[in-house]
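Here the structure is laid out as structure tokens; the discussion comes afterwards.
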Amino acid sequence: MKIENPNAVKWHFSERAQKLQGSAIREILKITMRPEVISFAGGLPSPATFPVEQMKVAFDKVLTQQGKVALQYGPTDGYGPLREWVANSLSINGSTISMDQVLMVSGSQQGLDLLGKVLIDEGSKVLVETPSYLGALQAFSLYGPEFVSIPTDEGGLIPETVASLGKDARLLYSLPNFQNPTGRTMSLERRQALVETCARLNLPLIEDDPYGALSYRREPLPKMLNMNPDGVIYMGSFSKVLTPGIRLGYVVAPRELVDKMEQAKQATDLHTAQLTQMVVYEAIKDGFLDSHIPTIRQLYSDQCDAMLAALQTYFPSSASWTKPEGGMFIWVTLPKHIDTMKLLDEAIKEHVAFVPGAPFFANTPESNTLRLSFVTVSPEKIREGVEKLGKLISAKL
């Protein structure tokens with residue numbers, strides 16, 4: 001029997017819930033699901049890189065040989081063999097990482113949320129790049145920080161500015177490799193300077209590194225984690241090198257911080273799915289990624305070259321853009337008078353989508369910027385989509 005209630009429930013949301021905002025990217029993705037749309041919007045890895053057969057074999061083996069363990073609850077910190085694999089893979093350049101420093105999380109987005117829970121109070125000063133990863137801004141915003149924007153240039157974050165801005169800050173969040181959204185890479189010299197500055201200030205440094213393995217033309221630069229394991233919080237993910245559907249990432253940090261994050265995770269989801277952790281370990285334990293990642297690099301490199309060539313051909317000379325050496329993104333800066341939010345509306349009518357740049361700024365947005373992702377679009381469609389965007393932009397000059 002349905003109860004008729006003439007008075008609809010009036011929800012009293014918490015102050016925290018009232019501050020929540022949806023992701024601009026996720027809203028755009030709803031539009032890009034239409035097959036006629038050429039989408040440069042999502043930061044999605046290419047499905048062509050997903051190792052379906054390898055994962056099928058791994059699932060079958062785990063369920064056949066260890067099914068009762070895989071389908072049971074697991075430890076909060078994660079599946080031991082996989083944590084050990086992560087620790088061993090990061091024990092390079094003279095530093096040793098122990099598995100006790102590794103916490104498995106349900107995608108790196110959960111890692112950001114847990115870090116926010118245990119490190120940020122209302123009004124805490126949090127340093128972020130300009131621009132920065134939208135997902136991190138969303139995760140941290142829930143805890144009411146005061147964001148401080150660190151200046152950047154074509155070489156990424158400028159370490160010299162941290163000393164004057166970092167006093168009493170709770171953390172500094174950085175993406176040194178093929179940054180989302182700009183595609184920029186921080187040089188070895190800047191990494192060393194940033195690590196030294198943060199150590200001097202006793203400032204926790206987050207090194208978010210989902211794209212580090214996706215270098216097109218050279219070996220990845222040294223990790224800041226290995227320069228100072230006691231002061232750097234490293235975040236990694238299997239989403240970009242294996243598959244995002246498994247929602248599996250990890251945080252590597254000093255044991256004291258890992259313990260506190262583990263307690264926060266117990267209150268959140270008890271543990272990350274045991275089955276997917278065991279399957280991922282089975283898939284990668286014998287070196288599969290060593291042969292798989294180069295195929296991803298080549299595909300993305302070809303598509304990046306196609307987009308850079310199209311931008312050079314079809315965009316006006318008053319536009320500028322980054323030239324990434326890896327990763328998934330190109331950052332475009334247009335003349336000041338062009339609002340890319342309005343440009344997006346026009347582009348969608350032409351069946352092209354991108355992400356306007358303003359949401360990536362913690363404080364003062366630059367509305368004449370935009371992010372292009374090239375990895376899920378064929379070279380032919382890249383050329384077609386960039387040509388359409390170029391015409392729309394040129395019409396505004």
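A note on labels: chains of the structure tokens are A, B, ... as shown, every chain counts residues from 1, and ligands are counted from 1 in their shown order.
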Spatial neighbours of Ala70 in chain A, max dist 9 Å, only C-alpha atoms, sep filter under 5 positions, as a ChimeraX atom specification: /A:62-63,273-279
Please write the residues from the selection above to a file, keeping N, CA, C and O atoms, as a compact mmCIF listing (two decimals), in the first residue's frame.
# COMPACT_ATOMS: atom_id res chain seq x y z
N VAL A 62 42.34 -17.01 -10.74
CA VAL A 62 42.10 -16.65 -9.33
C VAL A 62 40.85 -17.34 -8.81
O VAL A 62 40.84 -17.91 -7.71
N LEU A 63 39.77 -17.29 -9.57
CA LEU A 63 38.51 -17.88 -9.10
C LEU A 63 38.60 -19.41 -9.04
O LEU A 63 37.98 -20.04 -8.17
N ALA A 273 38.23 -4.08 -2.95
CA ALA A 273 37.80 -5.42 -3.32
C ALA A 273 38.98 -6.40 -3.42
O ALA A 273 39.93 -6.16 -4.16
N GLN A 274 38.89 -7.47 -2.65
CA GLN A 274 39.93 -8.49 -2.64
C GLN A 274 40.06 -9.16 -4.00
O GLN A 274 41.16 -9.43 -4.47
N LEU A 275 38.94 -9.42 -4.66
CA LEU A 275 38.97 -10.11 -5.95
C LEU A 275 39.78 -9.34 -6.98
O LEU A 275 40.66 -9.92 -7.64
N THR A 276 39.51 -8.04 -7.14
CA THR A 276 40.23 -7.29 -8.16
C THR A 276 41.71 -7.16 -7.83
O THR A 276 42.55 -7.17 -8.73
N GLN A 277 42.04 -7.04 -6.56
CA GLN A 277 43.46 -6.96 -6.19
C GLN A 277 44.18 -8.26 -6.56
O GLN A 277 45.29 -8.23 -7.10
N MET A 278 43.56 -9.37 -6.26
CA MET A 278 44.19 -10.66 -6.57
C MET A 278 44.30 -10.87 -8.08
O MET A 278 45.30 -11.41 -8.57
N VAL A 279 43.29 -10.43 -8.83
CA VAL A 279 43.33 -10.57 -10.28
C VAL A 279 44.43 -9.71 -10.88
O VAL A 279 45.17 -10.15 -11.78
Residue list (alpha helix (DSSP H), DSSP) for range 30-232 of chain A, as a ChimeraX atom specification: /A:30-32,52-70,80-90,108-119,134-141,162-165,188-201,224-227
Of the listed residues A:Lys388, A:Lys223, A:His271, A:Lys61, that which approaches Ser91 in chain A most closely, counting only C-alpha atoms: A:Lys223
In range 16-222 of chain A, DSSP strand (DSSP E or B) residues written as a ChimeraX atom specification: /A:38-39,102-105,125-129,146-150,152-153,156-157,171-174,205-208,215
Export of prior selection with N, CA and C atoms as a JSON list (two decimals), in the first residue's frame:
[["chain", "number", "residue", "atom", "x", "y", "z"],
["A", 38, "ILE", "N", 32.53, 14.01, -31.55],
["A", 38, "ILE", "CA", 33.97, 13.79, -31.45],
["A", 38, "ILE", "C", 34.40, 14.37, -30.12],
["A", 39, "SER", "N", 34.77, 13.50, -29.20],
["A", 39, "SER", "CA", 35.03, 13.96, -27.84],
["A", 39, "SER", "C", 36.53, 14.03, -27.53],
["A", 102, "VAL", "N", 52.60, 0.82, 1.96],
["A", 102, "VAL", "CA", 51.68, 0.79, 0.82],
["A", 102, "VAL", "C", 50.25, 0.53, 1.30],
["A", 103, "LEU", "N", 49.34, 1.40, 0.89],
["A", 103, "LEU", "CA", 47.92, 1.22, 1.16],
["A", 103, "LEU", "C", 47.18, 1.13, -0.16],
["A", 104, "MET", "N", 46.49, 0.02, -0.41],
["A", 104, "MET", "CA", 45.70, -0.12, -1.61],
["A", 104, "MET", "C", 44.38, 0.63, -1.44],
["A", 105, "VAL", "N", 43.95, 1.33, -2.49],
["A", 105, "VAL", "CA", 42.73, 2.13, -2.43],
["A", 105, "VAL", "C", 41.86, 1.86, -3.65],
["A", 125, "LYS", "N", 45.64, 25.51, 5.09],
["A", 125, "LYS", "CA", 46.25, 25.98, 3.85],
["A", 125, "LYS", "C", 46.73, 24.78, 3.04],
["A", 126, "VAL", "N", 46.26, 24.69, 1.81],
["A", 126, "VAL", "CA", 46.63, 23.60, 0.90],
["A", 126, "VAL", "C", 47.18, 24.21, -0.38],
["A", 127, "LEU", "N", 48.39, 23.82, -0.75],
["A", 127, "LEU", "CA", 49.05, 24.36, -1.94],
["A", 127, "LEU", "C", 48.76, 23.47, -3.15],
["A", 128, "VAL", "N", 48.36, 24.11, -4.25],
["A", 128, "VAL", "CA", 48.08, 23.37, -5.49],
["A", 128, "VAL", "C", 48.68, 24.12, -6.67],
["A", 129, "GLU", "N", 48.95, 23.38, -7.73],
["A", 129, "GLU", "CA", 49.47, 23.99, -8.96],
["A", 129, "GLU", "C", 48.40, 24.84, -9.63],
["A", 146, "GLU", "N", 41.83, 26.27, 2.65],
["A", 146, "GLU", "CA", 42.14, 27.52, 1.94],
["A", 146, "GLU", "C", 43.16, 27.16, 0.87],
["A", 147, "PHE", "N", 42.74, 27.12, -0.38],
["A", 147, "PHE", "CA", 43.65, 26.78, -1.46],
["A", 147, "PHE", "C", 44.58, 27.96, -1.75],
["A", 148, "VAL", "N", 45.86, 27.64, -1.88],
["A", 148, "VAL", "CA", 46.87, 28.62, -2.28],
["A", 148, "VAL", "C", 47.43, 28.16, -3.62],
["A", 149, "SER", "N", 47.31, 28.98, -4.63],
["A", 149, "SER", "CA", 47.75, 28.60, -5.97],
["A", 149, "SER", "C", 49.24, 28.88, -6.16],
["A", 150, "ILE", "N", 49.97, 27.85, -6.55],
["A", 150, "ILE", "CA", 51.41, 27.97, -6.80],
["A", 150, "ILE", "C", 51.61, 28.31, -8.28],
["A", 152, "THR", "N", 52.94, 28.55, -12.05],
["A", 152, "THR", "CA", 53.55, 27.59, -12.97],
["A", 152, "THR", "C", 53.96, 28.30, -14.25],
["A", 153, "ASP", "N", 54.80, 27.64, -15.03],
["A", 153, "ASP", "CA", 55.14, 28.11, -16.37],
["A", 153, "ASP", "C", 55.19, 26.90, -17.28],
["A", 156, "GLY", "N", 56.06, 23.69, -15.70],
["A", 156, "GLY", "CA", 55.26, 23.23, -14.57],
["A", 156, "GLY", "C", 55.44, 24.08, -13.33],
["A", 157, "LEU", "N", 55.26, 23.46, -12.20],
["A", 157, "LEU", "CA", 55.34, 24.16, -10.91],
["A", 157, "LEU", "C", 56.71, 24.80, -10.71],
["A", 171, "LEU", "N", 49.76, 20.65, 3.17],
["A", 171, "LEU", "CA", 50.31, 19.79, 2.13],
["A", 171, "LEU", "C", 50.46, 20.59, 0.84],
["A", 172, "LEU", "N", 51.27, 20.03, -0.06],
["A", 172, "LEU", "CA", 51.40, 20.54, -1.42],
["A", 172, "LEU", "C", 51.06, 19.40, -2.36],
["A", 173, "TYR", "N", 50.12, 19.64, -3.25],
["A", 173, "TYR", "CA", 49.68, 18.61, -4.19],
["A", 173, "TYR", "C", 50.28, 18.89, -5.57],
["A", 174, "SER", "N", 50.97, 17.89, -6.14],
["A", 174, "SER", "CA", 51.62, 18.09, -7.44],
["A", 174, "SER", "C", 51.44, 16.87, -8.33],
["A", 205, "LEU", "N", 54.58, 16.56, 0.80],
["A", 205, "LEU", "CA", 54.52, 16.73, -0.65],
["A", 205, "LEU", "C", 53.82, 15.52, -1.27],
["A", 206, "ILE", "N", 52.69, 15.75, -1.92],
["A", 206, "ILE", "CA", 51.98, 14.67, -2.61],
["A", 206, "ILE", "C", 52.47, 14.62, -4.06],
["A", 207, "GLU", "N", 52.94, 13.46, -4.46],
["A", 207, "GLU", "CA", 53.38, 13.22, -5.83],
["A", 207, "GLU", "C", 52.36, 12.28, -6.48],
["A", 208, "ASP", "N", 51.41, 12.86, -7.19],
["A", 208, "ASP", "CA", 50.37, 12.07, -7.86],
["A", 208, "ASP", "C", 50.91, 11.69, -9.25],
["A", 215, "SER", "N", 55.43, 7.74, -20.90],
["A", 215, "SER", "CA", 56.38, 8.62, -21.57],
["A", 215, "SER", "C", 56.61, 8.13, -23.00]]
Distance query Phe238 in chain A at most 9 Å, only C-alpha atoms, self and fewer than 5 positions along chain excluded, as a ChimeraX atom specification: /A:107,210,243-244,246-250,280
Once you have the residues from the selection above, write them out as a tab-separated table (two decimals), in the first residue's frame, restricted to all heavy atoms.
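In the end it all went to out00.tsv:
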chain	number	residue	atom	x	y	z
A	107	GLY	N	40.77	3.08	-6.41
A	107	GLY	CA	41.07	4.16	-7.34
A	107	GLY	C	41.79	5.28	-6.61
A	107	GLY	O	41.57	5.52	-5.42
A	210	PRO	N	49.72	9.23	-12.00
A	210	PRO	CA	48.99	8.23	-12.79
A	210	PRO	C	49.51	8.06	-14.21
A	210	PRO	O	49.22	7.05	-14.85
A	210	PRO	CB	47.56	8.79	-12.80
A	210	PRO	CG	47.73	10.26	-12.65
A	210	PRO	CD	48.93	10.44	-11.76
A	243	THR	N	43.51	-1.07	-16.67
A	243	THR	CA	42.11	-0.75	-16.95
A	243	THR	C	41.52	0.05	-15.81
A	243	THR	O	41.76	-0.28	-14.64
A	243	THR	CB	41.28	-2.03	-17.17
A	243	THR	OG1	39.88	-1.71	-17.06
A	243	THR	CG2	41.60	-3.09	-16.14
A	244	PRO	N	40.74	1.10	-16.10
A	244	PRO	CA	40.14	1.89	-15.03
A	244	PRO	C	38.94	1.22	-14.38
A	244	PRO	O	38.57	1.56	-13.25
A	244	PRO	CB	39.72	3.18	-15.75
A	244	PRO	CG	39.50	2.77	-17.16
A	244	PRO	CD	40.50	1.68	-17.42
A	246	ILE	N	38.58	-1.55	-12.95
A	246	ILE	CA	38.84	-2.30	-11.72
A	246	ILE	C	38.94	-1.38	-10.50
A	246	ILE	O	38.91	-1.86	-9.38
A	246	ILE	CB	40.16	-3.10	-11.84
A	246	ILE	CG1	41.32	-2.19	-12.24
A	246	ILE	CG2	40.01	-4.24	-12.82
A	246	ILE	CD1	42.66	-2.85	-12.23
A	247	ARG	N	39.06	-0.05	-10.71
A	247	ARG	CA	39.12	0.93	-9.63
A	247	ARG	C	40.17	0.53	-8.59
A	247	ARG	O	39.85	0.22	-7.44
A	247	ARG	CB	37.76	1.12	-8.95
A	247	ARG	CG	36.61	1.48	-9.86
A	247	ARG	CD	36.91	2.69	-10.76
A	247	ARG	NE	37.29	3.86	-10.03
A	247	ARG	CZ	38.37	4.60	-10.31
A	247	ARG	NH1	39.16	4.27	-11.31
A	247	ARG	NH2	38.65	5.66	-9.60
A	248	LEU	N	41.42	0.56	-8.99
A	248	LEU	CA	42.48	0.13	-8.09
A	248	LEU	C	43.67	1.07	-8.18
A	248	LEU	O	44.24	1.28	-9.25
A	248	LEU	CB	42.92	-1.30	-8.45
A	248	LEU	CG	43.89	-1.98	-7.49
A	248	LEU	CD1	43.31	-2.05	-6.08
A	248	LEU	CD2	44.21	-3.39	-7.98
A	249	GLY	N	44.03	1.64	-7.04
A	249	GLY	CA	45.19	2.50	-6.94
A	249	GLY	C	45.91	2.24	-5.64
A	249	GLY	O	45.56	1.32	-4.88
A	250	TYR	N	46.93	3.05	-5.35
A	250	TYR	CA	47.68	2.85	-4.12
A	250	TYR	C	48.32	4.16	-3.67
A	250	TYR	O	48.57	5.06	-4.47
A	250	TYR	CB	48.74	1.77	-4.29
A	250	TYR	CG	49.62	1.91	-5.51
A	250	TYR	CD1	50.82	2.63	-5.47
A	250	TYR	CD2	49.26	1.31	-6.71
A	250	TYR	CE1	51.62	2.75	-6.59
A	250	TYR	CE2	50.05	1.43	-7.84
A	250	TYR	CZ	51.23	2.15	-7.78
A	250	TYR	OH	52.03	2.28	-8.89
A	280	VAL	N	44.54	-8.47	-10.42
A	280	VAL	CA	45.59	-7.59	-10.94
A	280	VAL	C	46.96	-8.17	-10.63
A	280	VAL	O	47.85	-8.18	-11.50
A	280	VAL	CB	45.44	-6.17	-10.35
A	280	VAL	CG1	46.71	-5.35	-10.60
A	280	VAL	CG2	44.24	-5.47	-10.96
For CA of Pro229 in chain A and CA of Leu194 in chain A, the interatomic separation in Å (one decimal):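 Going from CA of Pro229 in chain A over to CA of Leu194 in chain A, I get 13.7 Å.
Considering only C-alpha atoms, the residue among A:Lys260, A:Lys342, A:Tyr300, A:Pro159 positioned nearest to Glu189 in chain A is A:Pro159.
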Among listed residues A:Lys336, A:Met227, A:Thr272, A:Leu372, nearest Leu71 in chain A (using only C-alpha atoms):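 Residue with the minimum atom-to-atom distance to Leu71 in chain A: A:Thr272.
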